[in-house]
>>> print(open('final.pdb').read())   # PDB, C-alpha atoms
ATOM      1  CA  MET A   1     -29.174   1.147 -16.384
ATOM      2  CA  ALA A   2     -26.946   4.129 -17.172
ATOM      3  CA  SER A   3     -30.012   6.390 -17.172
ATOM      4  CA  LEU A   4     -30.581   5.559 -13.500
ATOM      5  CA  ILE A   5     -27.225   7.113 -12.539
ATOM      6  CA  ASN A   6     -26.773  10.776 -11.745
ATOM      7  CA  THR A   7     -23.847  11.598 -13.998
ATOM      8  CA  ALA A   8     -22.682  14.331 -11.627
ATOM      9  CA  ASP A   9     -22.703  12.108  -8.528
ATOM     10  CA  PHE A  10     -19.739   9.845  -7.820
ATOM     11  CA  HIS A  11     -20.560   8.733  -4.272
ATOM     12  CA  GLY A  12     -19.308   5.170  -3.893
ATOM     13  CA  TRP A  13     -17.211   5.399  -7.073
ATOM     14  CA  LEU A  14     -13.413   5.569  -7.191
ATOM     15  CA  PRO A  15     -11.099   6.347 -10.131
ATOM     16  CA  ILE A  16      -9.266   3.222 -11.289
ATOM     17  CA  ARG A  17      -7.633   4.400 -14.514
ATOM     18  CA  LEU A  18      -6.579   7.664 -16.108
ATOM     19  CA  TRP A  19      -5.572   7.633 -19.734
ATOM     20  CA  ARG A  20      -5.264   9.770 -22.844
ATOM     21  CA  ARG A  21      -7.574   9.228 -25.808
ATOM     22  CA  ASP A  22      -7.504  11.335 -28.977
ATOM     23  CA  GLY A  23      -5.662  14.084 -27.129
ATOM     24  CA  ASP A  24      -8.112  14.179 -24.207
ATOM     25  CA  TRP A  25      -7.640  12.694 -20.756
ATOM     26  CA  ARG A  26     -10.306  10.326 -19.429
ATOM     27  CA  VAL A  27     -11.058   8.869 -16.003
ATOM     28  CA  ASP A  28     -12.355   5.324 -15.587
ATOM     29  CA  TRP A  29     -14.481   4.851 -12.437
ATOM     30  CA  CYS A  30     -15.442   1.711 -10.506
ATOM     31  CA  TRP A  31     -18.174   1.152  -7.919
ATOM     32  CA  PHE A  32     -16.707   0.372  -4.476
ATOM     33  CA  ALA A  33     -19.764   1.274  -2.386
ATOM     34  CA  GLU A  34     -18.680   1.511   1.281
ATOM     35  CA  ARG A  35     -15.940  -1.115   1.250
ATOM     36  CA  HIS A  36     -12.887  -0.351   3.403
ATOM     37  CA  LEU A  37      -9.634  -0.480   1.441
ATOM     38  CA  SER A  38      -7.433  -3.087   3.107
ATOM     39  CA  LYS A  39      -5.577  -4.985   0.362
ATOM     40  CA  PRO A  40      -1.777  -4.631  -0.006
ATOM     41  CA  PHE A  41      -2.154  -2.740  -3.293
ATOM     42  CA  PHE A  42      -4.942  -0.649  -4.821
ATOM     43  CA  ARG A  43      -4.880  -2.826  -7.933
ATOM     44  CA  ASP A  44      -5.890  -5.771  -5.707
ATOM     45  CA  GLU A  45      -8.911  -3.749  -4.572
ATOM     46  CA  VAL A  46      -9.794  -3.018  -8.197
ATOM     47  CA  ASP A  47      -9.557  -6.675  -9.208
ATOM     48  CA  LEU A  48     -11.960  -7.583  -6.413
ATOM     49  CA  ALA A  49     -14.396  -4.772  -7.162
ATOM     50  CA  LEU A  50     -14.522  -5.564 -10.888
ATOM     51  CA  ARG A  51     -15.895  -9.014 -10.043
ATOM     52  CA  LEU A  52     -19.085  -7.464  -8.727
ATOM     53  CA  PRO A  53     -21.983  -8.048 -11.161
ATOM     54  CA  PHE A  54     -22.771  -4.322 -11.055
ATOM     55  CA  ASN A  55     -19.303  -3.397 -12.325
ATOM     56  CA  GLN A  56     -19.408  -6.114 -14.954
ATOM     57  CA  ALA A  57     -22.705  -4.756 -16.243
ATOM     58  CA  LEU A  58     -21.842  -1.065 -16.119
ATOM     59  CA  ARG A  59     -18.633   0.791 -16.946
ATOM     60  CA  ARG A  60     -18.387   4.500 -16.214
ATOM     61  CA  ASP A  61     -15.898   7.030 -17.464
ATOM     62  CA  SER A  62     -15.662  10.801 -17.510
ATOM     63  CA  ASP A  63     -13.443  13.634 -18.605
ATOM     64  CA  ILE A  64     -11.088  15.480 -16.264
ATOM     65  CA  GLN A  65     -13.594  18.305 -15.830
ATOM     66  CA  ALA A  66     -16.070  15.910 -14.198
ATOM     67  CA  LEU A  67     -13.363  14.986 -11.690
ATOM     68  CA  LEU A  68     -12.754  18.675 -10.951
ATOM     69  CA  ASP A  69     -16.485  19.321 -10.616
ATOM     70  CA  TRP A  70     -16.864  16.401  -8.200
ATOM     71  CA  HIS A  71     -14.098  17.871  -6.049
ATOM     72  CA  ALA A  72     -15.914  21.216  -5.956
ATOM     73  CA  ARG A  73     -19.261  19.624  -5.028
ATOM     74  CA  SER A  74     -17.998  17.021  -2.583
ATOM     75  CA  PRO A  75     -14.520  17.743  -1.211
ATOM     76  CA  GLY A  76     -13.039  14.683   0.443
ATOM     77  CA  LEU A  77     -10.246  14.307   2.956
ATOM     78  CA  ALA A  78      -6.915  15.807   1.940
ATOM     79  CA  PRO A  79      -3.862  13.587   2.457
ATOM     80  CA  SER A  80      -2.623  13.279   6.038
ATOM     81  CA  ALA A  81       0.709  11.717   5.006
ATOM     82  CA  LEU A  82       2.554  10.817   1.804
ATOM     83  CA  LEU A  83       4.714   7.685   1.772
ATOM     84  CA  PHE A  84       7.529   7.657  -0.782
ATOM     85  CA  HIS A  85       9.921   4.729  -0.946
ATOM     86  CA  ALA A  86      12.800   3.061  -2.794
ATOM     87  CA  SER A  87      10.914  -0.261  -3.251
ATOM     88  CA  ARG A  88      11.307  -3.496  -1.284
ATOM     89  CA  CYS A  89      11.861  -1.497   1.912
ATOM     90  CA  GLY A  90       8.773  -1.922   4.085
ATOM     91  CA  SER A  91       6.387   0.633   2.595
ATOM     92  CA  THR A  92       3.705  -2.013   2.071
ATOM     93  CA  LEU A  93       4.087  -3.059   5.699
ATOM     94  CA  VAL A  94       3.554   0.514   6.878
ATOM     95  CA  ALA A  95       0.532   0.855   4.589
ATOM     96  CA  GLN A  96      -0.974  -2.383   5.916
ATOM     97  CA  LEU A  97      -0.455  -1.289   9.504
ATOM     98  CA  LEU A  98      -2.237   1.977   8.783
ATOM     99  CA  ALA A  99      -5.024   0.254   6.853
ATOM    100  CA  SER A 100      -5.747  -1.935   9.886
ATOM    101  CA  GLN A 101      -7.109   1.167  11.613
ATOM    102  CA  ALA A 102     -10.749   1.579  10.572
ATOM    103  CA  HIS A 103     -10.635   5.386  10.561
ATOM    104  CA  ASN A 104      -7.892   5.435   7.893
ATOM    105  CA  ILE A 105      -8.317   5.445   4.135
ATOM    106  CA  VAL A 106      -5.062   4.021   2.782
ATOM    107  CA  LEU A 107      -4.202   4.236  -0.901
ATOM    108  CA  SER A 108      -1.405   1.907  -1.923
ATOM    109  CA  GLU A 109       0.075   2.828  -5.300
ATOM    110  CA  PRO A 110      -3.127   3.733  -7.173
ATOM    111  CA  PRO A 111      -2.355   3.686 -10.926
ATOM    112  CA  PRO A 112      -4.387   6.849 -11.736
ATOM    113  CA  LEU A 113      -2.211   8.865  -9.364
ATOM    114  CA  ASP A 114       0.953   7.596 -11.034
ATOM    115  CA  SER A 115      -0.515   8.378 -14.466
ATOM    116  CA  LEU A 116      -1.437  11.906 -13.450
ATOM    117  CA  LEU A 117       1.920  12.618 -11.820
ATOM    118  CA  ARG A 118       3.698  11.642 -15.036
ATOM    119  CA  ALA A 119       1.105  13.097 -17.438
ATOM    120  CA  PRO A 120       3.216  16.145 -18.418
ATOM    121  CA  LEU A 121       5.936  13.808 -19.673
ATOM    122  CA  GLN A 122       3.675  12.700 -22.508
ATOM    123  CA  ASP A 123       1.441  15.776 -22.806
ATOM    124  CA  ALA A 124       3.058  19.144 -22.112
ATOM    125  CA  ALA A 125      -0.364  20.799 -21.869
ATOM    126  CA  ALA A 126      -1.164  18.666 -18.826
ATOM    127  CA  ALA A 127       1.175  20.778 -16.702
ATOM    128  CA  ALA A 128      -1.411  23.583 -16.757
ATOM    129  CA  TRP A 129      -4.140  21.543 -15.039
ATOM    130  CA  GLN A 130      -2.123  18.840 -13.291
ATOM    131  CA  GLY A 131      -2.154  20.470  -9.845
ATOM    132  CA  ALA A 132      -5.911  20.966  -9.725
ATOM    133  CA  ALA A 133      -6.477  17.468 -11.100
ATOM    134  CA  LEU A 134      -4.188  15.917  -8.478
ATOM    135  CA  GLN A 135      -6.128  17.609  -5.688
ATOM    136  CA  ALA A 136      -9.407  16.494  -7.244
ATOM    137  CA  LEU A 137      -8.194  12.914  -7.682
ATOM    138  CA  LEU A 138      -7.044  12.594  -4.088
ATOM    139  CA  SER A 139     -10.282  14.232  -2.958
ATOM    140  CA  ALA A 140     -12.215  11.542  -4.840
ATOM    141  CA  TYR A 141     -10.268   8.862  -2.982
ATOM    142  CA  GLY A 142     -10.740  10.746   0.276
ATOM    143  CA  GLN A 143     -14.539  10.588   0.284
ATOM    144  CA  ARG A 144     -15.977   9.330   3.570
ATOM    145  CA  ARG A 145     -17.757   6.194   2.414
ATOM    146  CA  GLN A 146     -18.308   4.703   5.874
ATOM    147  CA  GLY A 147     -18.771   7.991   7.693
ATOM    148  CA  ASP A 148     -16.049   7.822  10.350
ATOM    149  CA  GLU A 149     -12.890   8.082   8.231
ATOM    150  CA  ARG A 150     -10.520  10.747   9.544
ATOM    151  CA  GLN A 151      -7.330  10.323   7.531
ATOM    152  CA  LEU A 152      -6.233   9.733   3.951
ATOM    153  CA  LEU A 153      -2.752   8.204   3.739
ATOM    154  CA  VAL A 154      -1.121   7.739   0.358
ATOM    155  CA  LYS A 155       1.673   5.333  -0.572
ATOM    156  CA  LEU A 156       3.125   6.156  -3.976
ATOM    157  CA  ASP A 157       5.006   4.077  -6.503
ATOM    158  CA  ALA A 158       8.769   4.040  -6.019
ATOM    159  CA  TRP A 159       9.440   6.105  -9.165
ATOM    160  CA  ASN A 160       6.983   8.808  -8.025
ATOM    161  CA  VAL A 161       9.688  10.188  -5.744
ATOM    162  CA  PHE A 162      10.854  12.134  -8.795
ATOM    163  CA  GLU A 163       7.490  13.951  -8.776
ATOM    164  CA  ALA A 164       7.583  14.530  -5.008
ATOM    165  CA  PRO A 165       8.147  18.313  -5.404
ATOM    166  CA  VAL A 166       4.782  18.583  -7.180
ATOM    167  CA  LEU A 167       2.944  17.032  -4.237
ATOM    168  CA  ALA A 168       5.056  18.940  -1.716
ATOM    169  CA  ALA A 169       3.951  22.209  -3.330
ATOM    170  CA  LEU A 170       0.287  21.168  -3.278
ATOM    171  CA  TYR A 171       0.391  19.893   0.315
ATOM    172  CA  PRO A 172       3.203  21.803   2.045
ATOM    173  CA  GLN A 173       2.053  20.944   5.586
ATOM    174  CA  VAL A 174       1.549  17.217   4.981
ATOM    175  CA  PRO A 175       4.282  14.902   6.361
ATOM    176  CA  ARG A 176       6.350  13.241   3.653
ATOM    177  CA  LEU A 177       8.168  10.021   4.505
ATOM    178  CA  PHE A 178      10.896   8.390   2.433
ATOM    179  CA  LEU A 179      11.434   4.707   3.202
ATOM    180  CA  TYR A 180      14.637   3.030   2.046
ATOM    181  CA  ARG A 181      17.075   0.266   2.965
ATOM    182  CA  ASP A 182      20.587  -0.912   2.211
ATOM    183  CA  PRO A 183      20.738  -0.686  -1.615
ATOM    184  CA  LEU A 184      22.481  -4.059  -1.836
ATOM    185  CA  GLU A 185      19.286  -5.639  -0.514
ATOM    186  CA  ILE A 186      17.063  -3.619  -2.846
ATOM    187  CA  VAL A 187      19.143  -4.536  -5.885
ATOM    188  CA  ALA A 188      19.240  -8.218  -4.913
ATOM    189  CA  SER A 189      15.456  -8.202  -4.567
ATOM    190  CA  GLN A 190      14.969  -6.451  -7.920
ATOM    191  CA  LEU A 191      17.265  -8.937  -9.647
ATOM    192  CA  ARG A 192      15.340 -11.849  -8.146
ATOM    193  CA  GLN A 193      11.908 -10.407  -8.972
ATOM    194  CA  ALA A 194      11.863  -7.385 -11.250
ATOM    195  CA  GLY A 195       9.588  -4.454 -10.590
ATOM    196  CA  MET A 196       8.359  -2.329 -13.493
ATOM    197  CA  GLN A 197      11.134   0.215 -12.941
ATOM    198  CA  ARG A 198      13.783  -2.489 -13.314
ATOM    199  CA  VAL A 199      13.025  -3.001 -17.018
ATOM    200  CA  PRO A 200      14.094  -0.008 -19.151
ATOM    201  CA  GLY A 201      11.134   1.530 -20.978
ATOM    202  CA  LEU A 202       8.447  -0.600 -19.312
ATOM    203  CA  LEU A 203       7.086   2.331 -17.313
ATOM    204  CA  GLY A 204       6.572   4.513 -20.348
ATOM    205  CA  PRO A 205       7.714   8.145 -20.094
ATOM    206  CA  SER A 206       9.478   8.682 -16.768
ATOM    207  CA  ALA A 207      12.323  10.555 -15.101
ATOM    208  CA  PHE A 208      14.606   7.628 -15.919
ATOM    209  CA  ASP A 209      14.515   8.708 -19.577
ATOM    210  CA  VAL A 210      16.580  11.761 -18.630
ATOM    211  CA  LEU A 211      18.555  10.329 -15.723
ATOM    212  CA  LEU A 212      19.590   7.117 -17.495
ATOM    213  CA  PRO A 213      19.439   7.946 -21.219
ATOM    214  CA  GLN A 214      21.700   5.063 -22.249
ATOM    215  CA  ALA A 215      19.668   2.453 -20.363
ATOM    216  CA  GLY A 216      19.300   0.205 -23.406
ATOM    217  CA  ALA A 217      23.066  -0.203 -23.643
ATOM    218  CA  MET A 218      23.514  -1.117 -19.963
ATOM    219  CA  GLY A 219      23.681  -4.589 -18.545
ATOM    220  CA  VAL A 220      20.999  -5.671 -16.083
ATOM    221  CA  VAL A 221      23.218  -5.264 -13.017
ATOM    222  CA  GLU A 222      24.468  -1.813 -13.991
ATOM    223  CA  TYR A 223      20.993  -0.533 -14.835
ATOM    224  CA  THR A 224      19.486  -1.895 -11.623
ATOM    225  CA  CYS A 225      22.207  -0.391  -9.437
ATOM    226  CA  ARG A 226      22.011   2.979 -11.174
ATOM    227  CA  MET A 227      18.210   2.975 -11.096
ATOM    228  CA  VAL A 228      18.200   2.329  -7.340
ATOM    229  CA  GLY A 229      20.883   4.988  -6.873
ATOM    230  CA  GLU A 230      18.780   7.578  -8.713
ATOM    231  CA  ILE A 231      15.743   6.806  -6.549
ATOM    232  CA  LEU A 232      17.856   7.161  -3.413
ATOM    233  CA  ASN A 233      19.224  10.463  -4.729
ATOM    234  CA  ALA A 234      15.680  11.718  -5.295
ATOM    235  CA  GLY A 235      14.684  10.576  -1.809
ATOM    236  CA  LEU A 236      17.659  12.437  -0.383
ATOM    237  CA  ALA A 237      16.579  15.588  -2.245
ATOM    238  CA  LEU A 238      13.050  15.150  -0.893
ATOM    239  CA  CYS A 239      14.394  15.016   2.659
ATOM    240  CA  ARG A 240      16.884  17.858   2.270
ATOM    241  CA  GLN A 241      14.828  20.280   0.192
ATOM    242  CA  HIS A 242      11.192  19.429   0.936
ATOM    243  CA  GLY A 243      11.117  18.384   4.555
ATOM    244  CA  GLY A 244      10.947  14.645   3.936
ATOM    245  CA  ILE A 245      11.493  12.281   6.864
ATOM    246  CA  ALA A 246      14.042   9.521   6.277
ATOM    247  CA  VAL A 247      12.999   6.050   7.495
ATOM    248  CA  ASN A 248      15.241   2.999   7.228
ATOM    249  CA  TYR A 249      13.739  -0.454   6.742
ATOM    250  CA  ASN A 250      15.682  -1.704   9.760
ATOM    251  CA  GLU A 251      13.594   0.591  12.002
ATOM    252  CA  LEU A 252      10.369  -1.192  11.091
ATOM    253  CA  PRO A 253       7.852  -2.037  12.282
ATOM    254  CA  ASP A 254       8.569  -0.334  15.635
ATOM    255  CA  ALA A 255       9.139   3.127  14.147
ATOM    256  CA  THR A 256       5.567   3.099  12.793
ATOM    257  CA  TRP A 257       3.995   3.338  16.236
ATOM    258  CA  GLY A 258       7.153   4.872  17.739
ATOM    259  CA  ARG A 259       8.745   8.015  16.350
ATOM    260  CA  LEU A 260       6.376   8.126  13.356
ATOM    261  CA  GLY A 261       3.197   7.459  15.340
ATOM    262  CA  PRO A 262       2.234  11.111  15.942
ATOM    263  CA  LEU A 263       2.861  11.989  12.275
ATOM    264  CA  LEU A 264       0.696   9.084  11.126
ATOM    265  CA  GLY A 265      -2.118   9.822  13.536
ATOM    266  CA  LEU A 266      -1.690   6.607  15.522
ATOM    267  CA  ALA A 267      -3.239   6.772  18.966
ATOM    268  CA  PRO A 268      -1.354   5.587  22.057
ATOM    269  CA  GLY A 269      -2.133   1.998  22.919
ATOM    270  CA  VAL A 270      -2.316   0.576  19.397
ATOM    271  CA  GLU A 271       1.118  -1.056  19.502
ATOM    272  CA  GLN A 272      -0.073  -4.564  20.375
ATOM    273  CA  ALA A 273      -2.732  -4.585  17.655
ATOM    274  CA  LEU A 274      -0.197  -3.380  15.096
ATOM    275  CA  ARG A 275       2.364  -5.958  16.196
ATOM    276  CA  GLU A 276      -0.182  -8.659  15.423
ATOM    277  CA  VAL A 277      -0.610  -7.254  11.912
ATOM    278  CA  ALA A 278       3.176  -6.983  11.453
ATOM    279  CA  ALA A 279       3.577 -10.685  12.241
ATOM    280  CA  PHE A 280       2.221 -11.493   8.770
ATOM    281  CA  ASP A 281       3.750 -10.879   5.357
ATOM    282  CA  ALA A 282       2.564  -7.458   4.157
ATOM    283  CA  LYS A 283       2.233  -8.485   0.496
ATOM    284  CA  GLN A 284       0.830 -11.944   1.255
ATOM    285  CA  PRO A 285      -1.171 -11.475   4.471
ATOM    286  CA  ALA A 286      -2.041 -15.162   4.712
ATOM    287  CA  MET A 287       1.646 -15.952   5.351
ATOM    288  CA  THR A 288       3.724 -15.132   8.419
ATOM    289  CA  PHE A 289       6.558 -12.652   8.003
ATOM    290  CA  SER A 290      10.074 -14.000   7.499
ATOM    291  CA  ALA A 291      13.083 -11.666   7.545
ATOM    292  CA  ASP A 292      15.105 -11.880   4.315
ATOM    293  CA  SER A 293      17.859  -9.278   4.597
ATOM    294  CA  GLN A 294      20.610 -11.838   5.197
ATOM    295  CA  ARG A 295      19.467 -14.017   2.309
ATOM    296  CA  LYS A 296      19.438 -11.037  -0.046
ATOM    297  CA  ARG A 297      22.963 -10.090   0.946
ATOM    298  CA  GLN A 298      24.214 -13.628   0.446
ATOM    299  CA  GLU A 299      22.686 -13.737  -3.035
ATOM    300  CA  ALA A 300      24.590 -10.662  -4.209
ATOM    301  CA  SER A 301      27.516 -11.366  -6.532
ATOM    302  CA  GLU A 302      30.715  -9.360  -6.484
ATOM    303  CA  ALA A 303      29.528  -7.529  -9.620
ATOM    304  CA  VAL A 304      26.369  -6.502  -7.782
ATOM    305  CA  ARG A 305      28.361  -5.391  -4.753
ATOM    306  CA  GLU A 306      30.679  -3.305  -6.912
ATOM    307  CA  GLY A 307      27.757  -1.759  -8.792
ATOM    308  CA  VAL A 308      26.047  -0.813  -5.535
ATOM    309  CA  ARG A 309      29.269   0.709  -4.199
ATOM    310  CA  GLN A 310      29.724   2.724  -7.371
ATOM    311  CA  TRP A 311      26.167   3.997  -7.955
ATOM    312  CA  ALA A 312      24.037   3.669  -4.831
ATOM    313  CA  MET A 313      26.029   3.778  -1.599
ATOM    314  CA  GLU A 314      26.728   7.520  -1.581
ATOM    315  CA  PRO A 315      23.070   8.613  -1.396
ATOM    316  CA  TYR A 316      22.326   5.777   1.035
ATOM    317  CA  ASN A 317      25.057   6.924   3.406
ATOM    318  CA  ALA A 318      23.847  10.503   3.122
ATOM    319  CA  LEU A 319      20.303   9.392   3.939
ATOM    320  CA  GLU A 320      21.568   7.527   6.982
ATOM    321  CA  ALA A 321      23.404  10.599   8.259
ATOM    322  CA  LEU A 322      20.302  12.709   7.681
ATOM    323  CA  ARG A 323      18.042  10.172   9.390
ATOM    324  CA  LEU A 324      20.221  10.115  12.485
ATOM    325  CA  SER A 325      20.286  13.906  12.642
ATOM    326  CA  GLN A 326      16.502  14.050  12.268
ATOM    327  CA  ALA A 327      16.056  11.496  15.050
ATOM    328  CA  GLN A 328      18.404  13.437  17.333
ATOM    329  CA  ALA A 329      16.551  16.689  16.635
ATOM    330  CA  LEU A 330      13.240  15.002  17.472
ATOM    331  CA  ALA A 331      14.645  13.528  20.674
ATOM    332  CA  GLY A 332      16.088  16.887  21.683
TER     333      GLY A 332
END
>>> encode(input="final.pdb", output="structure tokens")
Amino acid sequence: MASLINTADFHGWLPIRLWRRDGDWRVDWCWFAERHLSKPFFRDEVDLALRLPFNQALRRDSDIQALLDWHARSPGLAPSALLFHASRCGSTLVAQLLASQAHNIVLSEPPPLDSLLRAPLQDAAAAAWQGAALQALLSAYGQRRQGDERQLLVKLDAWNVFEAPVLAALYPQVPRLFLYRDPLEIVASQLRQAGMQRVPGLLGPSAFDVLLPQAGAMGVVEYTCRMVGEILNAGLALCRQHGGIAVNYNELPDATWGRLGPLLGLAPGVEQALREVAAFDAKQPAMTFSADSQRKRQEASEAVREGVRQWAMEPYNALEALRLSQAQALAG
């Protein structure tokens, strides 16, 4: 079967894994055909695609050069917007709203992008080709598989905000959003259900290794509060130094089709359709949405509240001041 495939043609294929083997970086590809990406996370799309008999019968991988060559032969859409976030703050909702528009290709935390952004942390030589590989990877995702796609919108993992300057340099004209919320609510959510960044070392090499070098000696509450604080600090730097747009969770969903609508390429008149999408839980679309901010705040112990005050409130307050100034400038 492999002989029937043009090894230089990746139409209908998307990268699903990027890893290092014997010193070389490899790309694992999966056949998606023309399917529109609409699941809450890219990994959900991969799980579904891997059930296809074709993908069970045939696995395809390549080196990085093949990815670069594919970009040169078939350049796809460049990103139209980059969505950074502090986790548990509505980024999946925004991604789902955008994915409901048929002309959008929405990538929600694709693992190969995370791997490539952090590649220099485990392989110093990767810094030399990382930029070109990032453009080629996003170009591969930005292929028009249905023919009428006009935008590629990328939601990154929360910890990728530390690599935001890399993407800002590659795509200086592309809007960069940073979504966040009251850190007390983020911390409460992380303590209830831990993300990968909440467990020291689980991510592998990351910016936390430098920012929180004594993580192993910290208690869970301290580490979680400091981790969230560092992400908020990085988001603040993104907004101050790289033109990022601050977006608070409490503005959603209205801000998506409101002040952010022109940046996200949303046409006038889509509000009602998007409101219908927003009525359902972004991560579990079969369930209706239920606000949980009050519950999260009630769950927080005094130790959590003190930790948030000590390590996370300063960047949050600075983000709020910046957000208000940005909104006033836009209104003026």
>>> closest_residue(input="final.pdb", among="A:Lys296, A:Lys283, A:Arg176, A:Arg240", to="Leu260 (chain A)", atoms="all atoms listed in the file")
A:Arg176
>>> resolve_selection(input="final.pdb", expression="the PyMOL selection byres ((chain A and resi 151-160) around 7)", output="JSON, numbers by chain")
{"A": [77, 78, 79, 80, 81, 82, 83, 84, 85, 86, 87, 95, 103, 104, 105, 106, 107, 108, 109, 114, 142, 149, 150, 161, 162, 163, 164, 231]}
>>> closest_residue(input="final.pdb", among="A:Gly147, A:Arg73, A:Pro175, A:Arg297", to="Ser189 (chain A)", atoms="only C-alpha atoms")
A:Arg297
>>> closest_residue(input="final.pdb", among="A:Arg26, A:Arg275, A:Arg35, A:Arg309", to="Pro112 (chain A)", atoms="only C-alpha atoms")
A:Arg26
>>> residues_near_point(input="final.pdb", point="(4.7, -2.5, 2.6)", cutoff="9 Å", atoms="all atoms listed in the file", output="PDB file with C-alpha atoms, keeping the file's coordinate frame")
ATOM      1  CA  PRO A  40      -1.777  -4.631  -0.006  1.00  0.00           C
ATOM      2  CA  SER A  87      10.914  -0.261  -3.251  1.00  0.00           C
ATOM      3  CA  ARG A  88      11.307  -3.496  -1.284  1.00  0.00           C
ATOM      4  CA  CYS A  89      11.861  -1.497   1.912  1.00  0.00           C
ATOM      5  CA  GLY A  90       8.773  -1.922   4.085  1.00  0.00           C
ATOM      6  CA  SER A  91       6.387   0.633   2.595  1.00  0.00           C
ATOM      7  CA  THR A  92       3.705  -2.013   2.071  1.00  0.00           C
ATOM      8  CA  LEU A  93       4.087  -3.059   5.699  1.00  0.00           C
ATOM      9  CA  VAL A  94       3.554   0.514   6.878  1.00  0.00           C
ATOM     10  CA  ALA A  95       0.532   0.855   4.589  1.00  0.00           C
ATOM     11  CA  GLN A  96      -0.974  -2.383   5.916  1.00  0.00           C
ATOM     12  CA  LEU A  97      -0.455  -1.289   9.504  1.00  0.00           C
ATOM     13  CA  SER A 108      -1.405   1.907  -1.923  1.00  0.00           C
ATOM     14  CA  LYS A 155       1.673   5.333  -0.572  1.00  0.00           C
ATOM     15  CA  ASP A 281       3.750 -10.879   5.357  1.00  0.00           C
ATOM     16  CA  ALA A 282       2.564  -7.458   4.157  1.00  0.00           C
ATOM     17  CA  LYS A 283       2.233  -8.485   0.496  1.00  0.00           C
TER      18      LYS A 283
END
>>> resolve_selection(input="final.pdb", expression="the PyMOL selection byres ((chain A and resi 250) around 10)", output="ChimeraX atom specification")
/A:89-90,180-182,247-249,251-255,293
>>> closest_residue(input="final.pdb", among="A:Ala33, A:Gly204, A:Lys39, A:Pro183", to="Arg118 (chain A)", atoms="only C-alpha atoms")
A:Gly204
>>> resolve_selection(input="final.pdb", expression="the PyMOL selection byres ((chain A and resi 139) around 8)", output="PyMOL selection string")
chain A and resi 71+75-78+135-138+140-143
>>> closest_residue(input="final.pdb", among="A:Glu45, A:Asp123, A:Asp69, A:Glu299", to="Pro205 (chain A)", atoms="all atoms listed in the file")
A:Asp123
>>> decode(input="final.pdb", residues="region 10-23 of chain A", atoms="N, CA and C atoms", output="PDB file, in the first residue's frame")
ATOM      1  N   PHE A  10       1.520  15.456   0.564  1.00  0.00           N
ATOM      2  CA  PHE A  10       0.864  15.291   1.858  1.00  0.00           C
ATOM      3  C   PHE A  10      -0.553  15.872   1.859  1.00  0.00           C
ATOM      4  N   HIS A  11      -1.169  16.015   0.700  1.00  0.00           N
ATOM      5  CA  HIS A  11      -2.549  16.478   0.656  1.00  0.00           C
ATOM      6  C   HIS A  11      -3.438  15.530   1.458  1.00  0.00           C
ATOM      7  N   GLY A  12      -4.219  16.078   2.357  1.00  0.00           N
ATOM      8  CA  GLY A  12      -5.112  15.273   3.184  1.00  0.00           C
ATOM      9  C   GLY A  12      -4.463  14.728   4.439  1.00  0.00           C
ATOM     10  N   TRP A  13      -3.153  14.932   4.588  1.00  0.00           N
ATOM     11  CA  TRP A  13      -2.420  14.452   5.761  1.00  0.00           C
ATOM     12  C   TRP A  13      -2.091  15.625   6.686  1.00  0.00           C
ATOM     13  N   LEU A  14      -2.149  15.382   7.984  1.00  0.00           N
ATOM     14  CA  LEU A  14      -1.778  16.400   8.964  1.00  0.00           C
ATOM     15  C   LEU A  14      -0.765  15.825   9.951  1.00  0.00           C
ATOM     16  N   PRO A  15       0.193  16.638  10.401  1.00  0.00           N
ATOM     17  CA  PRO A  15       1.142  16.162  11.418  1.00  0.00           C
ATOM     18  C   PRO A  15       0.425  15.940  12.753  1.00  0.00           C
ATOM     19  N   ILE A  16       0.678  14.809  13.377  1.00  0.00           N
ATOM     20  CA  ILE A  16       0.054  14.531  14.678  1.00  0.00           C
ATOM     21  C   ILE A  16       1.078  14.320  15.787  1.00  0.00           C
ATOM     22  N   ARG A  17       2.342  14.179  15.420  1.00  0.00           N
ATOM     23  CA  ARG A  17       3.373  13.999  16.454  1.00  0.00           C
ATOM     24  C   ARG A  17       4.708  14.435  15.893  1.00  0.00           C
ATOM     25  N   LEU A  18       5.514  15.070  16.727  1.00  0.00           N
ATOM     26  CA  LEU A  18       6.874  15.427  16.366  1.00  0.00           C
ATOM     27  C   LEU A  18       7.761  14.980  17.511  1.00  0.00           C
ATOM     28  N   TRP A  19       8.753  14.173  17.185  1.00  0.00           N
ATOM     29  CA  TRP A  19       9.584  13.617  18.249  1.00  0.00           C
ATOM     30  C   TRP A  19      11.023  13.428  17.768  1.00  0.00           C
ATOM     31  N   ARG A  20      11.898  13.194  18.727  1.00  0.00           N
ATOM     32  CA  ARG A  20      13.321  13.047  18.441  1.00  0.00           C
ATOM     33  C   ARG A  20      13.700  11.582  18.557  1.00  0.00           C
ATOM     34  N   ARG A  21      14.386  11.073  17.527  1.00  0.00           N
ATOM     35  CA  ARG A  21      14.820   9.679  17.531  1.00  0.00           C
ATOM     36  C   ARG A  21      16.260   9.604  17.045  1.00  0.00           C
ATOM     37  N   ASP A  22      17.131   9.080  17.898  1.00  0.00           N
ATOM     38  CA  ASP A  22      18.553   8.933  17.548  1.00  0.00           C
ATOM     39  C   ASP A  22      19.159  10.254  17.072  1.00  0.00           C
ATOM     40  N   GLY A  23      18.749  11.338  17.733  1.00  0.00           N
ATOM     41  CA  GLY A  23      19.312  12.643  17.401  1.00  0.00           C
ATOM     42  C   GLY A  23      18.612  13.365  16.275  1.00  0.00           C
TER      43      GLY A  23
END
